[in-house]
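Novice: Input query14.txt, format and content: compact mmCIF, C-alpha atoms.
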# COMPACT_ATOMS: atom_id res chain seq x y z
CA LYS A 1104 121.85 123.65 70.53
CA GLY A 1105 122.75 126.18 67.86
CA PRO A 1106 121.57 126.31 64.21
CA GLY A 1107 119.00 123.66 63.37
CA ALA A 1108 118.18 122.90 67.02
CA LEU A 1109 114.65 121.97 67.98
CA PRO A 1110 112.46 124.75 69.33
CA PRO A 1111 112.48 125.13 73.14
CA ASP A 1112 109.04 123.55 73.65
CA LYS A 1113 110.11 120.43 71.72
CA GLN A 1114 113.38 120.28 73.65
CA LYS A 1115 111.48 120.46 76.92
CA THR A 1116 109.21 117.56 75.91
CA ILE A 1117 112.12 115.39 74.74
CA ASP A 1118 114.18 116.22 77.81
CA ALA A 1119 111.35 115.17 80.12
CA PHE A 1120 111.11 111.87 78.25
CA PHE A 1121 114.90 111.42 78.49
CA VAL A 1122 114.95 112.01 82.26
CA LYS A 1123 112.09 109.56 82.81
CA GLN A 1124 113.76 106.84 80.73
CA TYR A 1125 117.14 107.40 82.41
CA ASN A 1126 115.68 107.11 85.91
CA THR A 1127 113.66 104.03 84.95
CA PHE A 1128 116.66 102.23 83.44
CA HIS A 1129 119.55 103.41 85.62
CA GLY A 1130 117.87 104.75 88.76
CA ALA A 1131 117.70 108.28 90.12
CA ASP A 1132 121.20 109.77 89.90
CA ASP A 1133 121.44 113.54 89.48
CA LYS A 1134 125.21 113.58 89.00
CA GLY A 1135 125.11 110.71 86.51
CA LEU A 1136 122.38 112.52 84.59
CA GLN A 1137 124.41 115.73 84.54
CA ASP A 1138 127.52 113.87 83.34
CA LEU A 1139 125.56 112.14 80.58
CA ARG A 1140 124.17 115.46 79.36
CA ALA A 1141 127.69 116.92 79.18
CA LEU A 1142 128.96 113.84 77.36
CA ALA A 1143 126.13 114.01 74.81
CA ILE A 1144 126.85 117.70 74.10
CA ALA A 1145 130.56 117.00 73.58
CA ASN A 1146 130.07 113.75 71.60
CA PRO A 1147 127.03 113.41 69.34
CA LEU A 1148 127.71 109.66 69.23
CA PRO A 1149 128.62 107.50 72.27
CA PRO A 1150 132.42 107.25 72.64
CA PRO A 1151 134.15 103.82 72.51
CA GLY A 1152 133.55 101.81 75.67
CA PHE A 1153 130.53 103.84 76.73
CA GLU A 1154 128.25 101.92 79.11
CA LEU A 1155 125.19 102.89 81.07
CA LYS A 1156 124.50 100.31 83.77
CA ASN A 1157 120.94 99.32 84.57
CA LYS A 1158 119.44 99.04 88.05
CA ASN A 1159 120.00 95.27 88.26
CA GLN A 1160 123.71 95.57 87.45
CA ILE A 1161 124.17 98.34 89.99
CA GLU A 1162 122.31 96.41 92.70
CA ALA A 1163 124.34 93.25 92.03
CA GLU A 1164 127.62 95.18 92.24
CA ASN A 1165 126.52 96.88 95.46
CA GLN A 1166 125.59 93.52 96.98
CA GLN A 1167 128.96 92.04 96.03
CA LYS A 1168 130.76 95.01 97.56
CA PHE A 1169 128.64 94.82 100.72
CA ALA A 1170 129.30 91.07 101.08
CA ALA A 1171 133.04 91.60 100.64
CA GLU A 1172 133.19 94.39 103.21
CA ASN A 1173 130.67 92.95 105.70
CA PRO A 1174 130.61 89.15 105.30
CA GLN A 1175 129.02 88.48 108.71
CA LEU A 1176 126.19 90.94 108.21
CA ALA A 1177 125.69 89.97 104.55
CA LEU A 1178 125.21 86.30 105.49
CA TRP A 1179 122.79 87.23 108.27
CA VAL A 1180 120.76 89.48 105.93
CA THR A 1181 120.54 86.65 103.38
CA ILE A 1182 119.21 84.21 105.97
CA LYS A 1183 116.83 86.74 107.54
CA ASP A 1184 115.38 87.75 104.16
CA GLN A 1185 114.62 84.11 103.42
CA LEU A 1186 113.02 83.57 106.83
CA ALA A 1187 110.99 86.78 106.61
CA GLY A 1188 109.75 85.89 103.11
CA ALA A 1189 106.50 84.21 102.13
CA ASN A 1190 108.01 80.72 102.53
CA GLY A 1191 109.96 81.53 105.70
CA GLU A 1192 108.65 78.64 107.81
CA GLN A 1193 109.39 76.15 105.04
CA TYR A 1194 112.90 77.57 104.60
CA PHE A 1195 113.52 77.26 108.35
CA GLU A 1196 112.40 73.62 108.47
CA SER A 1197 114.39 72.59 105.39
CA SER A 1198 117.56 74.68 105.62
CA VAL A 1199 117.99 76.27 109.04
CA LYS A 1200 116.54 74.11 111.81
CA GLY A 1201 119.21 71.95 113.42
CA ALA A 1202 121.97 73.57 111.36
CA ALA A 1203 125.17 74.82 112.96
CA LEU A 1204 125.39 78.44 111.86
CA PRO A 1205 127.18 80.32 110.42
CA GLY A 1206 129.12 77.12 109.74
CA GLY A 1207 131.90 78.75 107.76
CA ALA A 1208 129.67 79.86 104.88
CA ASN A 1209 131.52 82.50 102.82
CA GLY A 1210 134.33 82.28 105.35
CA VAL A 1211 132.09 83.41 108.22
CA THR A 1212 132.49 81.40 111.41
CA LYS A 1213 130.49 83.59 113.80
CA PHE A 1214 127.52 85.95 113.70
CA LYS A 1215 127.83 89.34 115.39
CA GLY A 1216 125.09 91.24 117.20
CA LYS A 1217 124.38 93.89 119.83
CA LEU A 1218 123.27 92.79 123.28
CA ILE A 1219 119.67 93.81 124.07
CA SER A 1220 118.90 91.76 127.18
CA GLN A 1221 120.07 88.80 129.26
CA LYS A 1222 118.58 86.55 131.91
CA PRO A 1223 118.89 85.87 134.72
CA ALA A 1224 120.39 89.24 135.61
CA THR A 1225 123.48 87.59 137.11
CA LYS A 1226 125.19 84.59 135.58
CA PRO A 1227 122.89 84.65 132.52
CA THR A 1228 122.04 81.47 130.66
CA SER A 1229 120.43 83.21 127.68
CA PHE A 1230 120.62 86.55 125.93
CA VAL A 1231 118.93 88.46 123.09
CA LEU A 1232 120.74 90.27 120.29
CA ALA A 1233 119.89 92.86 117.67
CA MET A 1234 121.68 92.22 114.39
CA GLY A 1235 123.36 94.72 112.10
CA LYS A 1236 122.43 98.38 112.47
CA GLU A 1237 118.97 97.62 113.81
CA ASP A 1238 117.99 97.85 117.48
CA THR A 1239 115.14 95.34 117.19
CA PRO A 1240 115.60 91.98 118.97
CA ALA A 1241 116.23 89.31 116.33
CA VAL A 1242 118.22 86.46 117.91
CA THR A 1243 117.96 84.56 121.20
CA VAL A 1244 120.95 82.49 122.31
CA ASN A 1245 120.48 79.77 124.95
CA LEU A 1246 123.72 78.64 126.58
CA ASP A 1247 124.81 75.23 127.80
CA LYS A 1248 126.38 76.83 130.90
CA PRO A 1249 125.80 80.15 132.69
CA MET A 1250 128.15 83.05 132.11
CA ALA A 1251 130.29 84.00 135.11
CA THR A 1252 129.15 87.62 134.94
CA LYS A 1253 126.65 89.84 133.16
CA ALA A 1254 127.55 91.95 130.11
CA PRO A 1255 126.72 95.64 129.54
CA GLU A 1256 123.75 96.43 127.32
CA GLY A 1257 124.91 97.24 123.80
CA ALA A 1258 127.99 95.00 124.01
CA GLU A 1259 129.07 93.51 120.67
CA ILE A 1260 128.74 89.73 120.98
CA GLN A 1261 129.88 87.09 118.49
CA PHE A 1262 128.46 83.57 118.53
CA GLU A 1263 127.89 80.37 116.64
CA GLY A 1264 125.17 77.88 117.46
CA VAL A 1265 122.51 75.43 116.36
CA ALA A 1266 119.20 76.94 115.25
CA THR A 1267 116.33 75.44 117.24
CA SER A 1268 113.21 77.55 116.67
CA PHE A 1269 111.83 80.49 114.71
CA THR A 1270 108.90 82.89 114.77
CA LYS A 1271 108.13 85.31 111.95
CA GLU A 1272 105.91 87.78 113.88
CA PRO A 1273 107.65 89.14 115.82
CA PHE A 1274 110.81 87.93 114.11
CA MET A 1275 113.01 85.80 116.38
CA LEU A 1276 115.54 83.08 115.56
CA THR A 1277 116.66 80.99 118.54
CA PHE A 1278 119.98 79.17 118.88
CA ASP A 1279 121.56 76.74 121.32
CA ALA A 1280 125.22 77.63 121.84
CA GLU A 1281 128.21 76.61 123.88
CA LYS A 1282 129.33 79.17 126.44
CA ASP A 1283 133.00 78.69 125.50
CA LYS A 1284 132.32 79.73 121.89
CA ILE A 1285 130.86 83.13 122.77
CA GLU A 1286 133.14 86.10 122.06
CA GLY A 1287 132.90 89.65 123.38
CA TRP A 1288 131.45 88.72 126.77
CA PRO A 1289 133.37 90.43 129.59
CA ALA A 1290 135.55 88.23 131.75
CA PRO A 1291 134.76 88.14 135.47
CA PRO A 1292 136.88 90.49 137.57
CA ALA A 1293 140.01 88.98 138.97
CA PRO A 1294 139.76 88.10 142.66
CA VAL A 1295 141.33 90.62 144.99
CA ARG A 1296 144.40 89.17 146.62
CA ARG A 1297 144.99 90.41 150.10
CA PRO A 1298 148.44 90.18 151.65
CA PRO A 1299 148.69 87.58 154.37
CA VAL A 1300 148.22 88.87 157.88
CA ARG A 1301 151.32 88.34 159.96
CA LYS A 1302 150.74 87.43 163.57
CA LYS A 1303 152.65 89.33 166.15
CA LYS A 1304 155.01 87.26 168.20
Show me, as structure tokens, the structure contained in the file I just sent.
Specialist:
Amino acid sequence: KGPGALPPDKQKTIDAFFVKQYNTFHGADDKGLQDLRALAIANPLPPPGFELKNKNQIEAENQQKFAAENPQLALWVTIKDQLAGANGEQYFESSVKGAALPGGANGVTKFKGKLISQKPATKPTSFVLAMGKEDTPAVTVNLDKPMATKAPEGAEIQFEGVATSFTKEPFMLTFDAEKDKIEGWPAPPAPVRRPPVRKKK
């Protein structure tokens, strides 16, 4: 800007190149782009400590933050991404089948999901969960003993179990689990105690 500045048409060409390079390196970020423009106007040379993070750095930091804030979901996403990948069946056979999961990995002792269905309708011996924010069935849990009562659809259930089978299309990971290690399942209603009937003399 000012005396000696490039003509407007040249500025427009260079600015378009700048925006393209910024988005390619850092990712689309309108505020970051605006801040960088202001910084460049105020400081012809980068100030000490200036850093522009690339997409890979930003993604890694976001993943670390996500794992710290949502360890259960982060571990599930890691396992699911591997299973859903090109070598999913091989990964299941070598690393998942027969494994007790979550198994304390990253401090996680139970997975958490949303109840989609259960069977039989009363005293269920198996149930299906959606994991994370999705509503798609992803996990089937088969129990060693029936539950005493059914649970409401959408209930948040926590479990640990041994992975027994897997299908990629549609995605479904099946576990065997102990009834006593399931959390979030409603307890059966307490029996109604009726006062004893006194006989008339």
Novice: Atom CA of A:Lys1282 and atom CA of A:Arg1296, how far apart in Å?
Specialist: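 That distance, rounded to one decimal, is 27.1 Å.
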Novice: Would you mind telling me which residue in A:Gly1210, A:Ala1189, A:Phe1120, A:Lys1104 lies nearest to A:Ala1145 when using all atoms listed in the file?
Specialist: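 Checking each of A:Gly1210, A:Ala1189, A:Phe1120, A:Lys1104 against A:Ala1145, counting all atoms listed in the file, the winner is A:Lys1104.
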Novice: Enter the distance from atom CA of A:Phe1278 to atom CA of A:Gln1166, in Å, rounded to one decimal.
Specialist: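 Interatomic distance here is 26.8 Å.
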Novice: Do a neighbour search on stretch 1255-1272 of chain A at 6 Å with only C-alpha atoms, toss out local chain neighbours closer than 5 positions, and write the hits as a list in words.
Specialist: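 Residues meeting the cut-off are Lys1200, Gly1201, Ala1202, Ala1203, Leu1204, Lys1213, Phe1214, Lys1215, Gly1216, Lys1217, Leu1218, Ile1219, Thr1277, Phe1278, Asp1279, Ala1280, Ile1285, Glu1286 and Gly1287 of chain A.
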Novice: Got a sec: who's within 10 Å of stretch 1131-1143 of chain A, counting only C-alpha atoms, leaving out chain neighbours fewer than 4 positions off, as a list in words?
Specialist: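 What passes the distance filter is Phe1121, Val1122, Lys1123, Tyr1125, Asn1126, Thr1127, Pro1147, Leu1148, Pro1149, Pro1150, Leu1155 and Lys1158 of chain A.
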Novice: Taking all atoms listed in the file into account, name the residue in A:Gln1175, A:Asn1165, A:Gln1185, A:Ser1229 that is nearest to A:Gly1206.
Specialist: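 Nearest to A:Gly1206: A:Gln1175.
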Novice: Identify which of the residues A:Leu1276, A:Ser1198, A:Gly1130, A:Lys1236 lies closest to A:Ile1161, counting all atoms listed in the file when measuring atom-to-atom distances.
Specialist: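 With all atoms listed in the file as the atom set, the closest residue is A:Gly1130.
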Novice: Any idea what's packed within 10 Å of A:Asn1173, counting only C-alpha atoms, ignoring anything in its chain fewer than 5 positions away? Could you give it as a list in words?
Specialist: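 In the requested form, the answer reads Gln1167, Lys1168, Leu1178, Val1211 and Gly1235 of chain A.
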Novice: Please produce a file of those selected residues containing C-alpha atoms, as a PDB file, in the frame of the given file.
Specialist:
ATOM      1  CA  GLN A1167     128.960  92.040  96.030  1.00  0.00           C
ATOM      2  CA  LYS A1168     130.760  95.010  97.560  1.00  0.00           C
ATOM      3  CA  LEU A1178     125.210  86.300 105.490  1.00  0.00           C
ATOM      4  CA  VAL A1211     132.090  83.410 108.220  1.00  0.00           C
ATOM      5  CA  GLY A1235     123.360  94.720 112.100  1.00  0.00           C
TER       6      GLY A1235
END
Novice: Write a file for stretch 1272-1288 of chain A of the given structure; include all heavy atoms and format it as a PDB file, in the first residue's frame.
Specialist:
ATOM      1  N   GLU A1272     -19.698 -54.919   6.116  1.00  0.00           N
ATOM      2  CA  GLU A1272     -20.857 -54.373   5.412  1.00  0.00           C
ATOM      3  C   GLU A1272     -22.087 -55.212   5.696  1.00  0.00           C
ATOM      4  O   GLU A1272     -22.191 -56.336   5.206  1.00  0.00           O
ATOM      5  CB  GLU A1272     -20.586 -54.324   3.903  1.00  0.00           C
ATOM      6  CG  GLU A1272     -19.517 -53.342   3.495  1.00  0.00           C
ATOM      7  CD  GLU A1272     -19.942 -51.889   3.693  1.00  0.00           C
ATOM      8  OE1 GLU A1272     -21.171 -51.650   3.811  1.00  0.00           O
ATOM      9  OE2 GLU A1272     -19.077 -51.019   3.734  1.00  0.00           O
ATOM     10  N   PRO A1273     -23.040 -54.731   6.473  1.00  0.00           N
ATOM     11  CA  PRO A1273     -22.965 -53.509   7.268  1.00  0.00           C
ATOM     12  C   PRO A1273     -22.035 -53.695   8.462  1.00  0.00           C
ATOM     13  O   PRO A1273     -21.882 -54.817   8.952  1.00  0.00           O
ATOM     14  CB  PRO A1273     -24.413 -53.285   7.721  1.00  0.00           C
ATOM     15  CG  PRO A1273     -24.985 -54.676   7.781  1.00  0.00           C
ATOM     16  CD  PRO A1273     -24.335 -55.425   6.653  1.00  0.00           C
ATOM     17  N   PHE A1274     -21.461 -52.605   8.927  1.00  0.00           N
ATOM     18  CA  PHE A1274     -20.487 -52.698  10.014  1.00  0.00           C
ATOM     19  C   PHE A1274     -21.157 -53.206  11.291  1.00  0.00           C
ATOM     20  O   PHE A1274     -22.187 -52.698  11.709  1.00  0.00           O
ATOM     21  CB  PHE A1274     -19.865 -51.323  10.287  1.00  0.00           C
ATOM     22  CG  PHE A1274     -18.779 -51.359  11.333  1.00  0.00           C
ATOM     23  CD1 PHE A1274     -17.457 -51.472  10.952  1.00  0.00           C
ATOM     24  CD2 PHE A1274     -19.091 -51.282  12.684  1.00  0.00           C
ATOM     25  CE1 PHE A1274     -16.454 -51.513  11.914  1.00  0.00           C
ATOM     26  CE2 PHE A1274     -18.102 -51.329  13.647  1.00  0.00           C
ATOM     27  CZ  PHE A1274     -16.772 -51.452  13.266  1.00  0.00           C
ATOM     28  N   MET A1275     -20.552 -54.237  11.902  1.00  0.00           N
ATOM     29  CA  MET A1275     -21.045 -54.737  13.185  1.00  0.00           C
ATOM     30  C   MET A1275     -19.928 -55.509  13.884  1.00  0.00           C
ATOM     31  O   MET A1275     -19.351 -56.447  13.317  1.00  0.00           O
ATOM     32  CB  MET A1275     -22.257 -55.650  12.993  1.00  0.00           C
ATOM     33  CG  MET A1275     -22.849 -56.187  14.296  1.00  0.00           C
ATOM     34  SD  MET A1275     -23.417 -54.880  15.424  1.00  0.00           S
ATOM     35  CE  MET A1275     -24.791 -54.179  14.494  1.00  0.00           C
ATOM     36  N   LEU A1276     -19.626 -55.104  15.106  1.00  0.00           N
ATOM     37  CA  LEU A1276     -18.638 -55.780  15.938  1.00  0.00           C
ATOM     38  C   LEU A1276     -19.393 -56.415  17.099  1.00  0.00           C
ATOM     39  O   LEU A1276     -20.138 -55.737  17.805  1.00  0.00           O
ATOM     40  CB  LEU A1276     -17.591 -54.790  16.446  1.00  0.00           C
ATOM     41  CG  LEU A1276     -16.447 -55.356  17.291  1.00  0.00           C
ATOM     42  CD1 LEU A1276     -15.666 -56.412  16.518  1.00  0.00           C
ATOM     43  CD2 LEU A1276     -15.511 -54.236  17.742  1.00  0.00           C
ATOM     44  N   THR A1277     -19.213 -57.725  17.290  1.00  0.00           N
ATOM     45  CA  THR A1277     -19.967 -58.466  18.293  1.00  0.00           C
ATOM     46  C   THR A1277     -19.079 -58.854  19.464  1.00  0.00           C
ATOM     47  O   THR A1277     -17.935 -59.282  19.268  1.00  0.00           O
ATOM     48  CB  THR A1277     -20.604 -59.720  17.673  1.00  0.00           C
ATOM     49  OG1 THR A1277     -21.462 -59.321  16.601  1.00  0.00           O
ATOM     50  CG2 THR A1277     -21.410 -60.494  18.692  1.00  0.00           C
ATOM     51  N   PHE A1278     -19.629 -58.700  20.672  1.00  0.00           N
ATOM     52  CA  PHE A1278     -18.910 -59.014  21.896  1.00  0.00           C
ATOM     53  C   PHE A1278     -19.694 -60.020  22.729  1.00  0.00           C
ATOM     54  O   PHE A1278     -20.924 -60.040  22.706  1.00  0.00           O
ATOM     55  CB  PHE A1278     -18.733 -57.758  22.773  1.00  0.00           C
ATOM     56  CG  PHE A1278     -17.806 -56.720  22.219  1.00  0.00           C
ATOM     57  CD1 PHE A1278     -18.277 -55.772  21.320  1.00  0.00           C
ATOM     58  CD2 PHE A1278     -16.478 -56.662  22.611  1.00  0.00           C
ATOM     59  CE1 PHE A1278     -17.438 -54.786  20.825  1.00  0.00           C
ATOM     60  CE2 PHE A1278     -15.632 -55.680  22.118  1.00  0.00           C
ATOM     61  CZ  PHE A1278     -16.113 -54.747  21.228  1.00  0.00           C
ATOM     62  N   ASP A1279     -18.966 -60.827  23.503  1.00  0.00           N
ATOM     63  CA  ASP A1279     -19.542 -61.583  24.605  1.00  0.00           C
ATOM     64  C   ASP A1279     -19.205 -60.817  25.875  1.00  0.00           C
ATOM     65  O   ASP A1279     -18.062 -60.378  26.055  1.00  0.00           O
ATOM     66  CB  ASP A1279     -18.947 -62.996  24.683  1.00  0.00           C
ATOM     67  CG  ASP A1279     -19.524 -63.911  23.617  1.00  0.00           C
ATOM     68  OD1 ASP A1279     -20.530 -63.540  22.984  1.00  0.00           O
ATOM     69  OD2 ASP A1279     -18.959 -65.004  23.415  1.00  0.00           O
ATOM     70  N   ALA A1280     -20.189 -60.642  26.746  1.00  0.00           N
ATOM     71  CA  ALA A1280     -19.954 -59.849  27.956  1.00  0.00           C
ATOM     72  C   ALA A1280     -20.673 -60.464  29.143  1.00  0.00           C
ATOM     73  O   ALA A1280     -21.655 -61.199  28.992  1.00  0.00           O
ATOM     74  CB  ALA A1280     -20.426 -58.412  27.754  1.00  0.00           C
ATOM     75  N   GLU A1281     -20.161 -60.147  30.321  1.00  0.00           N
ATOM     76  CA  GLU A1281     -20.790 -60.595  31.555  1.00  0.00           C
ATOM     77  C   GLU A1281     -21.851 -59.579  31.977  1.00  0.00           C
ATOM     78  O   GLU A1281     -21.604 -58.370  31.972  1.00  0.00           O
ATOM     79  CB  GLU A1281     -19.745 -60.744  32.660  1.00  0.00           C
ATOM     80  CG  GLU A1281     -18.705 -61.807  32.372  1.00  0.00           C
ATOM     81  CD  GLU A1281     -17.654 -61.882  33.469  1.00  0.00           C
ATOM     82  OE1 GLU A1281     -17.931 -61.417  34.594  1.00  0.00           O
ATOM     83  OE2 GLU A1281     -16.562 -62.406  33.200  1.00  0.00           O
ATOM     84  N   LYS A1282     -23.001 -60.084  32.324  1.00  0.00           N
ATOM     85  CA  LYS A1282     -24.113 -59.224  32.733  1.00  0.00           C
ATOM     86  C   LYS A1282     -23.707 -58.272  33.852  1.00  0.00           C
ATOM     87  O   LYS A1282     -24.074 -57.090  33.850  1.00  0.00           O
ATOM     88  CB  LYS A1282     -25.282 -60.097  33.176  1.00  0.00           C
ATOM     89  CG  LYS A1282     -26.393 -59.347  33.893  1.00  0.00           C
ATOM     90  CD  LYS A1282     -27.319 -60.303  34.614  1.00  0.00           C
ATOM     91  CE  LYS A1282     -28.239 -59.545  35.546  1.00  0.00           C
ATOM     92  NZ  LYS A1282     -29.078 -60.447  36.356  1.00  0.00           N
ATOM     93  N   ASP A1283     -22.941 -58.773  34.815  1.00  0.00           N
ATOM     94  CA  ASP A1283     -22.587 -57.977  35.995  1.00  0.00           C
ATOM     95  C   ASP A1283     -21.641 -56.826  35.678  1.00  0.00           C
ATOM     96  O   ASP A1283     -21.440 -55.949  36.529  1.00  0.00           O
ATOM     97  CB  ASP A1283     -21.964 -58.876  37.065  1.00  0.00           C
ATOM     98  CG  ASP A1283     -22.953 -59.906  37.606  1.00  0.00           C
ATOM     99  OD1 ASP A1283     -24.172 -59.679  37.452  1.00  0.00           O
ATOM    100  OD2 ASP A1283     -22.504 -60.928  38.162  1.00  0.00           O
ATOM    101  N   LYS A1284     -21.054 -56.814  34.476  1.00  0.00           N
ATOM    102  CA  LYS A1284     -20.125 -55.745  34.115  1.00  0.00           C
ATOM    103  C   LYS A1284     -20.766 -54.684  33.220  1.00  0.00           C
ATOM    104  O   LYS A1284     -20.085 -53.800  32.711  1.00  0.00           O
ATOM    105  CB  LYS A1284     -18.886 -56.338  33.438  1.00  0.00           C
ATOM    106  CG  LYS A1284     -18.041 -57.178  34.386  1.00  0.00           C
ATOM    107  CD  LYS A1284     -16.758 -57.648  33.726  1.00  0.00           C
ATOM    108  CE  LYS A1284     -15.903 -58.448  34.704  1.00  0.00           C
ATOM    109  NZ  LYS A1284     -14.643 -58.930  34.079  1.00  0.00           N
ATOM    110  N   ILE A1285     -22.071 -54.791  33.014  1.00  0.00           N
ATOM    111  CA  ILE A1285     -22.800 -53.795  32.227  1.00  0.00           C
ATOM    112  C   ILE A1285     -23.212 -52.638  33.141  1.00  0.00           C
ATOM    113  O   ILE A1285     -23.741 -52.864  34.235  1.00  0.00           O
ATOM    114  CB  ILE A1285     -24.056 -54.407  31.574  1.00  0.00           C
ATOM    115  CG1 ILE A1285     -23.671 -55.627  30.715  1.00  0.00           C
ATOM    116  CG2 ILE A1285     -24.786 -53.368  30.742  1.00  0.00           C
ATOM    117  CD1 ILE A1285     -22.719 -55.320  29.578  1.00  0.00           C
ATOM    118  N   GLU A1286     -22.999 -51.418  32.703  1.00  0.00           N
ATOM    119  CA  GLU A1286     -23.393 -50.245  33.484  1.00  0.00           C
ATOM    120  C   GLU A1286     -24.417 -49.428  32.705  1.00  0.00           C
ATOM    121  O   GLU A1286     -24.364 -49.364  31.477  1.00  0.00           O
ATOM    122  CB  GLU A1286     -22.169 -49.371  33.792  1.00  0.00           C
ATOM    123  CG  GLU A1286     -21.151 -50.036  34.701  1.00  0.00           C
ATOM    124  CD  GLU A1286     -19.981 -49.125  35.018  1.00  0.00           C
ATOM    125  OE1 GLU A1286     -20.033 -47.927  34.657  1.00  0.00           O
ATOM    126  OE2 GLU A1286     -19.002 -49.604  35.621  1.00  0.00           O
ATOM    127  N   GLY A1287     -25.332 -48.802  33.434  1.00  0.00           N
ATOM    128  CA  GLY A1287     -26.348 -47.956  32.814  1.00  0.00           C
ATOM    129  C   GLY A1287     -27.668 -48.658  32.582  1.00  0.00           C
ATOM    130  O   GLY A1287     -28.650 -48.016  32.185  1.00  0.00           O
ATOM    131  N   TRP A1288     -27.700 -49.991  32.812  1.00  0.00           N
ATOM    132  CA  TRP A1288     -28.955 -50.722  32.622  1.00  0.00           C
ATOM    133  C   TRP A1288     -29.841 -50.495  33.842  1.00  0.00           C
ATOM    134  O   TRP A1288     -29.375 -50.574  34.973  1.00  0.00           O
ATOM    135  CB  TRP A1288     -28.672 -52.212  32.461  1.00  0.00           C
ATOM    136  CG  TRP A1288     -29.752 -52.928  31.708  1.00  0.00           C
ATOM    137  CD1 TRP A1288     -30.905 -53.450  32.218  1.00  0.00           C
ATOM    138  CD2 TRP A1288     -29.780 -53.180  30.304  1.00  0.00           C
ATOM    139  NE1 TRP A1288     -31.662 -54.015  31.230  1.00  0.00           N
ATOM    140  CE2 TRP A1288     -30.991 -53.873  30.038  1.00  0.00           C
ATOM    141  CE3 TRP A1288     -28.923 -52.904  29.252  1.00  0.00           C
ATOM    142  CZ2 TRP A1288     -31.347 -54.281  28.756  1.00  0.00           C
ATOM    143  CZ3 TRP A1288     -29.265 -53.311  27.977  1.00  0.00           C
ATOM    144  CH2 TRP A1288     -30.474 -53.996  27.736  1.00  0.00           C
TER     145      TRP A1288
END
